[in-house]
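Novice: Sending over entry_13.cif (mmCIF, C-alpha atoms).
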data_structure
loop_
_atom_site.label_atom_id
_atom_site.label_comp_id
_atom_site.auth_asym_id
_atom_site.auth_seq_id
_atom_site.Cartn_x
_atom_site.Cartn_y
_atom_site.Cartn_z
CA MET D 1 148.87 134.20 119.95
CA VAL D 2 147.22 135.35 116.73
CA PRO D 3 145.26 132.67 114.86
CA LEU D 4 146.77 132.24 111.38
CA GLN D 5 143.35 132.58 109.74
CA ASP D 6 143.01 136.12 111.20
CA CYS D 7 146.24 137.47 109.68
CA ALA D 8 144.72 138.83 106.46
CA ARG D 9 142.03 140.69 108.38
CA LEU D 10 144.57 142.12 110.80
CA TYR D 11 147.54 142.87 108.56
CA GLY D 12 146.24 143.76 105.11
CA GLU D 13 146.36 142.23 101.67
CA ARG D 14 148.56 139.22 101.01
CA VAL D 15 151.11 140.41 98.48
CA MET D 16 152.87 137.25 97.49
CA GLN D 17 152.48 133.52 97.60
CA PRO D 18 153.91 131.94 100.72
CA SER D 19 157.59 131.20 100.32
CA GLY D 20 159.64 128.78 102.31
CA GLU D 21 160.28 131.65 104.70
CA SER D 22 157.23 133.88 104.97
CA ILE D 23 153.69 134.82 104.16
CA VAL D 24 153.70 138.57 103.48
CA TYR D 25 150.85 141.06 103.94
CA TYR D 26 150.82 144.76 103.11
CA ASN D 27 148.78 147.47 104.79
CA GLU D 28 148.78 150.35 102.30
CA LYS D 29 147.29 152.87 104.70
CA ARG D 30 150.01 152.24 107.31
CA ARG D 31 152.74 151.49 104.70
CA ILE D 32 153.71 148.42 106.70
CA TYR D 33 154.65 144.92 105.57
CA THR D 34 153.79 142.15 107.97
CA LYS D 35 155.71 138.92 107.59
CA ILE D 36 154.52 135.67 109.09
CA LYS D 37 157.97 134.11 109.20
CA ASP D 38 159.12 130.58 109.83
CA PRO D 39 162.04 131.15 112.22
CA TYR D 40 163.70 127.92 111.07
CA ALA D 41 163.40 128.49 107.32
CA LYS D 42 166.76 128.26 105.61
CA ALA D 43 168.38 127.36 108.95
CA GLY D 44 170.84 125.17 107.06
CA ILE D 45 172.04 128.12 104.99
CA LYS D 46 172.02 130.53 107.93
CA LYS D 47 173.49 127.94 110.31
CA THR D 48 171.08 128.99 113.01
CA LEU D 49 170.32 126.96 116.08
CA PRO D 50 166.76 126.82 117.46
CA GLU D 51 167.68 129.25 120.23
CA ASP D 52 169.06 131.71 117.63
CA ALA D 53 165.72 132.26 115.89
CA ILE D 54 164.67 135.31 117.86
CA TYR D 55 168.12 136.88 117.68
CA GLU D 56 168.23 136.75 113.90
CA HIS D 57 165.94 139.77 113.66
CA VAL D 58 167.79 141.61 116.40
CA ILE D 59 171.00 141.15 114.39
CA HIS D 60 169.24 142.38 111.23
CA ASN D 61 168.08 145.49 113.14
CA MET D 62 171.60 146.18 114.40
CA LEU D 63 173.06 145.93 110.89
CA PHE D 64 170.20 147.56 108.99
CA PRO D 65 168.31 149.89 111.38
CA GLU D 66 166.64 151.72 108.49
CA THR D 67 164.68 148.53 107.69
CA ALA D 68 164.27 147.25 111.22
CA TYR D 69 161.78 144.54 112.06
CA ARG D 70 159.36 144.87 114.94
CA LEU D 71 158.28 141.61 116.55
CA ILE D 72 154.55 141.96 117.21
CA GLY D 73 153.53 138.43 118.05
CA VAL D 74 153.45 134.76 117.18
CA THR D 75 151.08 132.47 115.40
CA GLU D 76 151.17 128.82 114.58
CA ASP D 77 150.24 126.57 111.74
CA ILE D 78 150.38 122.86 111.22
CA GLU D 79 154.18 122.97 110.93
CA GLY D 80 154.88 125.01 114.08
CA VAL D 81 155.27 128.48 115.51
CA ARG D 82 155.69 131.50 113.23
CA LEU D 83 156.97 134.95 114.19
CA ILE D 84 154.87 137.96 113.21
CA LEU D 85 157.17 140.79 112.17
CA GLU D 86 156.39 144.28 110.92
CA GLN D 87 158.66 146.26 108.62
CA LYS D 88 158.03 149.75 107.26
CA ALA D 89 157.77 149.99 103.49
CA VAL D 90 160.66 151.65 101.69
CA ARG D 91 159.81 154.36 99.18
CA THR D 92 161.58 153.00 96.13
CA THR D 93 162.45 154.05 92.63
CA GLU D 94 161.63 152.04 89.55
CA ARG D 95 165.31 151.09 89.36
CA ARG D 96 166.81 148.29 91.40
CA ALA D 97 170.00 148.58 93.39
CA THR D 98 172.86 146.95 91.55
CA SER D 99 174.94 144.14 93.00
CA LYS D 100 177.89 146.53 93.06
CA GLN D 101 175.90 149.07 95.10
CA ALA D 102 174.88 146.36 97.57
CA GLN D 103 178.42 145.01 97.82
CA ASP D 104 179.91 148.50 98.22
CA PHE D 105 177.46 149.22 101.05
CA LEU D 106 178.45 146.03 102.87
CA LYS D 107 182.14 146.80 102.44
CA GLU D 108 182.05 150.52 103.24
CA LYS D 109 179.26 150.86 105.81
CA LEU D 110 179.54 147.52 107.62
CA SER D 111 183.24 146.81 107.01
CA LEU D 112 182.46 143.35 105.65
CA THR D 113 184.76 141.62 103.20
CA GLU D 114 184.12 139.08 100.51
CA ASP D 115 183.84 135.70 102.21
CA THR D 116 186.36 133.39 100.57
CA ASP D 117 184.49 130.27 101.73
CA GLU D 118 181.27 131.04 99.85
CA LEU D 119 180.35 132.85 96.65
CA TYR D 120 178.14 135.92 97.03
CA MET D 121 178.77 136.25 100.76
CA TYR D 122 180.24 139.17 102.62
CA GLY D 123 181.21 138.78 106.23
CA ASN D 124 183.43 139.10 109.24
CA SER D 125 184.23 136.78 112.15
CA ASP D 126 180.59 136.94 113.37
CA ILE D 127 178.36 136.88 110.31
CA ALA D 128 178.13 136.45 106.56
CA ILE D 129 175.44 138.13 104.48
CA THR D 130 174.07 136.66 101.26
CA ASP D 131 170.96 136.69 99.05
CA ILE D 132 171.83 140.22 97.97
CA ASN D 133 172.33 139.79 94.24
CA ALA D 134 170.24 142.89 93.52
CA GLU D 135 169.59 142.16 89.86
CA ASP D 136 167.88 138.87 90.73
CA SER D 137 166.46 139.69 94.14
CA ASP D 138 164.04 142.01 95.85
CA ASN D 139 166.03 141.88 99.10
CA VAL D 140 168.05 145.01 98.32
CA LEU D 141 166.12 148.08 97.22
CA LEU D 142 167.11 151.49 95.89
CA GLY D 143 165.15 154.17 97.72
CA GLU D 144 163.79 157.39 96.30
CA ASP D 145 166.56 159.02 98.34
CA GLU D 146 169.12 156.97 96.33
CA ARG D 147 170.10 155.03 99.46
CA ILE D 148 170.42 151.25 99.55
CA TYR D 149 167.95 149.34 101.75
CA PHE D 150 168.47 145.71 102.79
CA ILE D 151 165.01 144.40 103.61
CA ASP D 152 165.51 140.66 103.87
CA PRO D 153 169.05 139.39 103.32
CA LEU D 154 170.10 136.02 104.64
CA ILE D 155 172.41 136.43 107.61
CA ARG D 156 174.61 133.43 108.31
CA LEU D 157 175.80 133.18 111.88
CA LYS D 158 179.36 132.07 112.52
CA ARG D 159 178.93 131.91 116.29
CA PRO D 160 175.96 131.61 118.65
CA ALA D 161 173.60 134.54 118.11
CA TRP D 162 173.73 135.82 121.68
CA GLU D 163 177.53 136.17 121.37
CA ILE D 164 177.14 138.15 118.13
CA VAL D 165 174.56 140.49 119.68
CA ASP D 166 176.78 140.95 122.72
CA ASN D 167 179.75 141.73 120.46
CA TYR D 168 177.80 144.37 118.49
CA LEU D 169 176.50 145.96 121.69
CA LYS D 170 180.07 146.39 122.92
CA GLU D 171 181.08 148.32 119.78
#
Could you show the structure in this file as structure tokens?

Specialist:
Amino acid sequence: MVPLQDCARLYGERVMQPSGESIVYYNEKRRIYTKIKDPYAKAGIKKTLPEDAIYEHVIHNMLFPETAYRLIGVTEDIEGVRLILEQKAVRTTERRATSKQAQDFLKEKLSLTEDTDELYMYGNSDIAITDINAEDSDNVLLGEDERIYFIDPLIRLKRPAWEIVDNYLKE
């Protein structure tokens, strides 16, 4: 377990104020972002159960391997345990991905459709993805290679996470 007060020394410069989800550090030399993430943040939106917390990042990695997380440890603060995740930095352009580019990627590459139950969600029988409105968000980036990179979308689970992982492994 990594003491929370040691994170800046270990992981680089803090790059943003803590959000409801994460404290984020950046190591410029390694080009790595380290996120100290509350596994239960936005659980109501994501519909995650406590036992789903660790699977959420596995599911992200299955859907978006080019921005995969690496679980490197845990820490705790006064509110509970936090996951320590690393993610390689994406070489980006000055332009942002458009919402249409993000939506087209989800439709074409992941075969997701617009979720009729919720605005701004794309899903299937296992998951729904949101928080991808590229014009307002930094969760979908346009790389120097003109590819779309999803770095931190919200993934809503429609079934227990272990079932979703098992389903994707079978494909």

Novice: Which polymer residues have any atom within 9 Å of an atom of Tyr40 (chain D), counting all atoms listed in the file, with same-chain residues fewer than 2 positions away left out, as a list of chain:residue names?

Specialist: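 That gives D:Glu21, D:Lys37, D:Asp38, D:Lys42, D:Ala43, D:Gly44, D:Thr48, D:Leu49, D:Pro50, D:Ala53.
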
Novice: Output C-alpha atoms for every residue in the selection just made, as an mmCIF file, keeping the file's coordinate frame.

Specialist:
data_model
loop_
_atom_site.group_PDB
_atom_site.id
_atom_site.type_symbol
_atom_site.label_atom_id
_atom_site.label_comp_id
_atom_site.auth_asym_id
_atom_site.auth_seq_id
_atom_site.Cartn_x
_atom_site.Cartn_y
_atom_site.Cartn_z
ATOM 1 C CA GLU D 21 160.280 131.650 104.700
ATOM 2 C CA LYS D 37 157.970 134.110 109.200
ATOM 3 C CA ASP D 38 159.120 130.580 109.830
ATOM 4 C CA LYS D 42 166.760 128.260 105.610
ATOM 5 C CA ALA D 43 168.380 127.360 108.950
ATOM 6 C CA GLY D 44 170.840 125.170 107.060
ATOM 7 C CA THR D 48 171.080 128.990 113.010
ATOM 8 C CA LEU D 49 170.320 126.960 116.080
ATOM 9 C CA PRO D 50 166.760 126.820 117.460
ATOM 10 C CA ALA D 53 165.720 132.260 115.890
#

Novice: What is the distance between CA of Arg30 (chain D) and CA of Thr92 (chain D), in Å to one decimal?

Specialist: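 Atom-to-atom, CA of Arg30 (chain D) to CA of Thr92 (chain D), that is 16.1 Å.
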
Novice: For a test of reading the model, state the distance in Å between CA of Asp126 (chain D) and CA of Ala41 (chain D), rounded to one decimal.

Specialist: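 CA of Ala41 (chain D) lies 20.1 Å from CA of Asp126 (chain D).
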
Novice: Between D:Tyr69, D:Gly12, D:Gln87, D:Leu63, which has the minimum distance to Lys109 (chain D) (counting all atoms listed in the file)?

Specialist: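 Among D:Tyr69, D:Gly12, D:Gln87, D:Leu63, it is D:Leu63 that comes nearest to Lys109 (chain D).
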
Novice: Which residue is closest to Glu146 (chain D)? Choose from D:Asp52, D:Asp115, D:Ala97, D:Ile164 and count all atoms listed in the file.

Specialist: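 Ranked by minimum distance to Glu146 (chain D), first place goes to D:Ala97.
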
Novice: Name every residue that the PyMOL selection byres ((chain D and resi 1) around 8) selects in this structure, writing the answer as a list in words with chains first and numbers rising.

Specialist: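 Evaluating the PyMOL selection byres ((chain D and resi 1) around 8) on these coordinates yields Val2, Pro3, Gly73, Val74, Thr75 and Glu76 of chain D.
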
Novice: Next, write the just-selected residues to a file, as a compact mmCIF listing (two decimals), in the coordinates of the input, keeping C-alpha atoms as the atom set.

Specialist:
# COMPACT_ATOMS: atom_id res chain seq x y z
CA VAL D 2 147.22 135.35 116.73
CA PRO D 3 145.26 132.67 114.86
CA GLY D 73 153.53 138.43 118.05
CA VAL D 74 153.45 134.76 117.18
CA THR D 75 151.08 132.47 115.40
CA GLU D 76 151.17 128.82 114.58

Novice: To box region 39-45 of chain D, take all atoms listed in the file, fit an axis-aligned box, add 4 Å on each side, and give centre and edge lengths in Å to one decimal, as lines of an AutoDock Vina configuration file.

Specialist:
center_x = 167.0
center_y = 128.2
center_z = 108.6
size_x = 18.0
size_y = 14.0
size_z = 15.2

Novice: In Å, rounded to a single decimal, give me how far CA of Arg70 (chain D) is from CA of Glu163 (chain D).

Specialist: 21.1 Å

Novice: Of the residues D:Asp6, D:Glu114, D:Glu66, D:Asp131, which is the one nearest to Asp152 (chain D), using only C-alpha atoms?

Specialist: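 Under the stated criterion, the closest residue is D:Asp131.
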
Novice: Would you write out, as an NGL selection string, every residue that the PyMOL selection byres ((chain D and resi 85) around 6) captures in this file?

Specialist: :D and (34-35 or 69-72 or 84 or 86)

Novice: With a distance cut-off of 12 Å and all atoms listed in the file, select the neighbouring residues of Ile148 (chain D), excluding the residue or stretch itself and same-chain residues fewer than 5 positions from it, and output the selection as an mmCIF file with C-alpha atoms, keeping the file's coordinate frame.

Specialist:
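Resulting contents of selection36.cif:
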data_model
loop_
_atom_site.group_PDB
_atom_site.id
_atom_site.type_symbol
_atom_site.label_atom_id
_atom_site.label_comp_id
_atom_site.auth_asym_id
_atom_site.auth_seq_id
_atom_site.Cartn_x
_atom_site.Cartn_y
_atom_site.Cartn_z
ATOM 1 C CA PHE D 64 170.200 147.560 108.990
ATOM 2 C CA GLU D 66 166.640 151.720 108.490
ATOM 3 C CA THR D 67 164.680 148.530 107.690
ATOM 4 C CA VAL D 90 160.660 151.650 101.690
ATOM 5 C CA ARG D 91 159.810 154.360 99.180
ATOM 6 C CA THR D 92 161.580 153.000 96.130
ATOM 7 C CA THR D 93 162.450 154.050 92.630
ATOM 8 C CA ARG D 95 165.310 151.090 89.360
ATOM 9 C CA ARG D 96 166.810 148.290 91.400
ATOM 10 C CA ALA D 97 170.000 148.580 93.390
ATOM 11 C CA THR D 98 172.860 146.950 91.550
ATOM 12 C CA SER D 99 174.940 144.140 93.000
ATOM 13 C CA LYS D 100 177.890 146.530 93.060
ATOM 14 C CA GLN D 101 175.900 149.070 95.100
ATOM 15 C CA ALA D 102 174.880 146.360 97.570
ATOM 16 C CA GLN D 103 178.420 145.010 97.820
ATOM 17 C CA ASP D 104 179.910 148.500 98.220
ATOM 18 C CA PHE D 105 177.460 149.220 101.050
ATOM 19 C CA LEU D 106 178.450 146.030 102.870
ATOM 20 C CA LYS D 109 179.260 150.860 105.810
ATOM 21 C CA ILE D 132 171.830 140.220 97.970
ATOM 22 C CA ALA D 134 170.240 142.890 93.520
ATOM 23 C CA ASP D 138 164.040 142.010 95.850
ATOM 24 C CA ASN D 139 166.030 141.880 99.100
ATOM 25 C CA VAL D 140 168.050 145.010 98.320
ATOM 26 C CA LEU D 141 166.120 148.080 97.220
ATOM 27 C CA LEU D 142 167.110 151.490 95.890
ATOM 28 C CA GLY D 143 165.150 154.170 97.720
#

Novice: Looking at only C-alpha atoms, which of D:Lys29, D:Arg159, D:Arg14, D:Lys170 is the one that sits closest to Ala89 (chain D)?

Specialist: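 Among the listed residues, D:Lys29 lies closest to Ala89 (chain D).
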
Novice: With the file shown as input, list the residues that the PyMOL selection byres ((chain D and resi 161) around 12) selects, as a ChimeraX atom specification.

Specialist: /D:46-60,126-127,155-160,162-168

Novice: Choose the residue, out of D:Leu112, D:Ala8, D:Met16, D:Ile45, that has the smallest atom-to-atom separation from Asn124 (chain D); count all atoms listed in the file.

Specialist: D:Leu112

Novice: Need to verify the contact set: Val15 (chain D), 7 Å, only C-alpha atoms, exclusion of same-chain residues closer than 4 positions in sequence. Can you return it as a list of chain:residue names?

Specialist: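 Those residues are D:Val24, D:Tyr25, D:Tyr26.
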
Novice: Would you save the residues of that selection, restricted to C-alpha atoms, as a tab-separated table (two decimals), in the coordinates of the input?

Specialist:
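Here's the written file selection.tsv:
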chain	number	residue	atom	x	y	z
D	24	VAL	CA	153.70	138.57	103.48
D	25	TYR	CA	150.85	141.06	103.94
D	26	TYR	CA	150.82	144.76	103.11

Novice: With the input short on atoms, add N, CA and C atoms back to region 66-88 of chain D and write it as a PDB file, in the coordinates of the input.

Specialist:
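In the end it all went to result.pdb:
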ATOM      1  N   GLU D  66     167.613 151.023 109.333  1.00  0.00           N
ATOM      2  CA  GLU D  66     166.640 151.720 108.490  1.00  0.00           C
ATOM      3  C   GLU D  66     165.533 150.796 107.967  1.00  0.00           C
ATOM      4  N   THR D  67     165.721 149.487 108.085  1.00  0.00           N
ATOM      5  CA  THR D  67     164.680 148.530 107.690  1.00  0.00           C
ATOM      6  C   THR D  67     164.397 147.557 108.833  1.00  0.00           C
ATOM      7  N   ALA D  68     164.421 148.081 110.026  1.00  0.00           N
ATOM      8  CA  ALA D  68     164.270 147.250 111.220  1.00  0.00           C
ATOM      9  C   ALA D  68     162.929 146.517 111.243  1.00  0.00           C
ATOM     10  N   TYR D  69     162.976 145.323 111.802  1.00  0.00           N
ATOM     11  CA  TYR D  69     161.780 144.540 112.060  1.00  0.00           C
ATOM     12  C   TYR D  69     161.266 144.874 113.453  1.00  0.00           C
ATOM     13  N   ARG D  70     159.973 144.755 113.619  1.00  0.00           N
ATOM     14  CA  ARG D  70     159.360 144.870 114.940  1.00  0.00           C
ATOM     15  C   ARG D  70     158.582 143.584 115.179  1.00  0.00           C
ATOM     16  N   LEU D  71     158.974 142.845 116.200  1.00  0.00           N
ATOM     17  CA  LEU D  71     158.280 141.610 116.550  1.00  0.00           C
ATOM     18  C   LEU D  71     156.974 141.989 117.228  1.00  0.00           C
ATOM     19  N   ILE D  72     155.848 141.578 116.635  1.00  0.00           N
ATOM     20  CA  ILE D  72     154.550 141.960 117.210  1.00  0.00           C
ATOM     21  C   ILE D  72     153.771 140.777 117.765  1.00  0.00           C
ATOM     22  N   GLY D  73     154.232 139.566 117.494  1.00  0.00           N
ATOM     23  CA  GLY D  73     153.530 138.430 118.050  1.00  0.00           C
ATOM     24  C   GLY D  73     153.975 137.119 117.439  1.00  0.00           C
ATOM     25  N   VAL D  74     153.219 136.085 117.740  1.00  0.00           N
ATOM     26  CA  VAL D  74     153.450 134.760 117.180  1.00  0.00           C
ATOM     27  C   VAL D  74     152.131 134.166 116.747  1.00  0.00           C
ATOM     28  N   THR D  75     152.226 133.252 115.839  1.00  0.00           N
ATOM     29  CA  THR D  75     151.080 132.470 115.400  1.00  0.00           C
ATOM     30  C   THR D  75     151.589 131.062 115.183  1.00  0.00           C
ATOM     31  N   GLU D  76     150.711 130.170 114.876  1.00  0.00           N
ATOM     32  CA  GLU D  76     151.170 128.820 114.580  1.00  0.00           C
ATOM     33  C   GLU D  76     150.351 128.250 113.446  1.00  0.00           C
ATOM     34  N   ASP D  77     150.953 127.336 112.746  1.00  0.00           N
ATOM     35  CA  ASP D  77     150.240 126.570 111.740  1.00  0.00           C
ATOM     36  C   ASP D  77     150.587 125.114 111.969  1.00  0.00           C
ATOM     37  N   ILE D  78     150.207 124.298 111.041  1.00  0.00           N
ATOM     38  CA  ILE D  78     150.380 122.860 111.220  1.00  0.00           C
ATOM     39  C   ILE D  78     151.848 122.460 111.379  1.00  0.00           C
ATOM     40  N   GLU D  79     152.758 123.297 110.866  1.00  0.00           N
ATOM     41  CA  GLU D  79     154.180 122.970 110.930  1.00  0.00           C
ATOM     42  C   GLU D  79     154.896 123.599 112.127  1.00  0.00           C
ATOM     43  N   GLY D  80     154.233 124.445 112.901  1.00  0.00           N
ATOM     44  CA  GLY D  80     154.880 125.010 114.080  1.00  0.00           C
ATOM     45  C   GLY D  80     154.647 126.491 114.254  1.00  0.00           C
ATOM     46  N   VAL D  81     155.405 127.077 115.157  1.00  0.00           N
ATOM     47  CA  VAL D  81     155.270 128.480 115.510  1.00  0.00           C
ATOM     48  C   VAL D  81     155.865 129.367 114.417  1.00  0.00           C
ATOM     49  N   ARG D  82     155.213 130.502 114.186  1.00  0.00           N
ATOM     50  CA  ARG D  82     155.690 131.500 113.230  1.00  0.00           C
ATOM     51  C   ARG D  82     155.791 132.838 113.955  1.00  0.00           C
ATOM     52  N   LEU D  83     156.826 133.609 113.645  1.00  0.00           N
ATOM     53  CA  LEU D  83     156.970 134.950 114.190  1.00  0.00           C
ATOM     54  C   LEU D  83     156.194 135.927 113.321  1.00  0.00           C
ATOM     55  N   ILE D  84     155.566 136.913 113.945  1.00  0.00           N
ATOM     56  CA  ILE D  84     154.870 137.960 113.210  1.00  0.00           C
ATOM     57  C   ILE D  84     155.720 139.219 113.345  1.00  0.00           C
ATOM     58  N   LEU D  85     156.249 139.662 112.208  1.00  0.00           N
ATOM     59  CA  LEU D  85     157.170 140.790 112.170  1.00  0.00           C
ATOM     60  C   LEU D  85     156.611 141.899 111.296  1.00  0.00           C
ATOM     61  N   GLU D  86     156.763 143.136 111.741  1.00  0.00           N
ATOM     62  CA  GLU D  86     156.390 144.280 110.920  1.00  0.00           C
ATOM     63  C   GLU D  86     157.648 144.966 110.422  1.00  0.00           C
ATOM     64  N   GLN D  87     157.547 145.521 109.209  1.00  0.00           N
ATOM     65  CA  GLN D  87     158.660 146.260 108.620  1.00  0.00           C
ATOM     66  C   GLN D  87     158.062 147.394 107.787  1.00  0.00           C
ATOM     67  N   LYS D  88     158.531 148.611 108.022  1.00  0.00           N
ATOM     68  CA  LYS D  88     158.030 149.750 107.260  1.00  0.00           C
ATOM     69  C   LYS D  88     158.407 149.595 105.796  1.00  0.00           C
TER      70      LYS D  88
END
